[in-house]
Structure formats: structure tokens, C-alpha cells
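**Q** So that we are looking at the same thing, I have put the structure below in C-alpha cells.
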Amino acid sequence: MEKSSIPQDILKIQKKLATFEKDSRNYKKYSKILAKHVKKHAMQRRTASHINTIEAIKKVKNIKTSK
């Protein structure tokens with residue numbers, strides 16, 4: 001089974017958010033919590049992507065210098 005690209009904590013918050021009436025106090029509260037989790041997840045993905053890019057560039061440089 002393929003791993004979901006959306007973390008379980010974000011899915012849980014979205015499910016809970018769907019049970020609230022829009023513009024209610026809890027809806028606003030969970031919207032803020034969800035925004036934090038999504039932002040954190042996006043930053044982790046970007047950081048991992050940058051690290052992978054840097055590693056790929058280093059590998060290419062090593063291959064070119066060894067020839």
C-alpha cells in the first residue's frame with residue numbers, strides 16, 4: 001500500500017474541522033491549528049527537497065572530477 005503524502009495529524013484535524021459549523025468558535029480554532037500543521041509540513045518537505053538537490057549536485061560534481 002502506498003504511503004499517503006498527507007500526514008495523519010493533518011487528516012485528523014481536517015476530519016474534526018468538517019464536523020464544526022463554519023464561522024463557529026471551534027471552526028476558527030481548528031482552522032488556525034490546521035494552518036500551523038500544513039505550514040510545518042510544507043517546510044519539512046521543502047527542506048528535504050533542498051537537501052536532496054544539494055546531494056545530487058555533489059554526486060554530479062564528484063563524477064565530473066573523477067574523470
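Residue numbering restarts at 1 for every chain of the C-alpha cells, chains are lettered A, B, ... in their displayed order, and ligands are numbered from 1 as they appear.
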Apply DSSP to the structure's backbone, then extract all residues of chain A labelled alpha helix (DSSP H) and return them as a VMD selection string.

**A** chain A and resid 8 to 18 25 to 66

**Q** Grab the residues selected above and save them as a compact mmCIF listing (two decimals), in the first residue's frame with C-alpha atoms.

**A**
# COMPACT_ATOMS: atom_id res chain seq x y z
CA GLN A 8 -2.16 11.58 9.68
CA ASP A 9 -2.27 14.57 12.06
CA ILE A 10 -3.41 16.87 9.24
CA LEU A 11 -6.07 14.38 8.13
CA LYS A 12 -7.38 14.08 11.71
CA ILE A 13 -7.64 17.86 12.05
CA GLN A 14 -9.44 18.13 8.69
CA LYS A 15 -11.97 15.46 9.71
CA LYS A 16 -12.61 17.21 13.02
CA LEU A 17 -12.89 20.59 11.26
CA ALA A 18 -15.54 19.17 8.91
CA ARG A 25 -15.51 29.37 17.60
CA ASN A 26 -14.21 25.80 17.30
CA TYR A 27 -14.08 26.07 13.50
CA LYS A 28 -11.82 29.12 13.74
CA LYS A 29 -9.68 27.43 16.39
CA TYR A 30 -9.17 24.26 14.34
CA SER A 31 -8.56 26.31 11.18
CA LYS A 32 -5.62 28.00 12.90
CA ILE A 33 -4.28 24.66 14.16
CA LEU A 34 -4.60 23.16 10.68
CA ALA A 35 -2.78 26.12 9.12
CA LYS A 36 0.15 25.61 11.54
CA HIS A 37 0.40 21.91 10.76
CA VAL A 38 0.21 22.47 7.00
CA LYS A 39 2.88 25.18 7.17
CA LYS A 40 5.17 22.92 9.22
CA HIS A 41 4.62 20.01 6.82
CA ALA A 42 5.35 22.21 3.80
CA MET A 43 8.59 23.47 5.37
CA GLN A 44 9.70 19.90 6.13
CA ARG A 45 9.02 18.88 2.52
CA ARG A 46 10.88 21.91 1.15
CA THR A 47 13.86 21.28 3.42
CA ALA A 48 14.04 17.62 2.40
CA SER A 49 13.81 18.63 -1.25
CA HIS A 50 16.64 21.14 -0.87
CA ILE A 51 18.82 18.55 0.86
CA ASN A 52 18.16 16.04 -1.96
CA THR A 53 19.07 18.67 -4.56
CA ILE A 54 22.33 19.51 -2.79
CA GLU A 55 23.24 15.82 -2.52
CA ALA A 56 22.51 15.28 -6.22
CA ILE A 57 24.71 18.25 -7.17
CA LYS A 58 27.56 16.88 -5.03
CA LYS A 59 27.27 13.48 -6.73
CA VAL A 60 27.43 15.11 -10.16
CA LYS A 61 30.48 17.15 -9.16
CA ASN A 62 32.21 14.03 -7.82
CA ILE A 63 31.54 12.14 -11.05
CA LYS A 64 32.91 15.01 -13.17
CA THR A 65 36.05 15.44 -11.04
CA SER A 66 36.85 11.71 -11.01
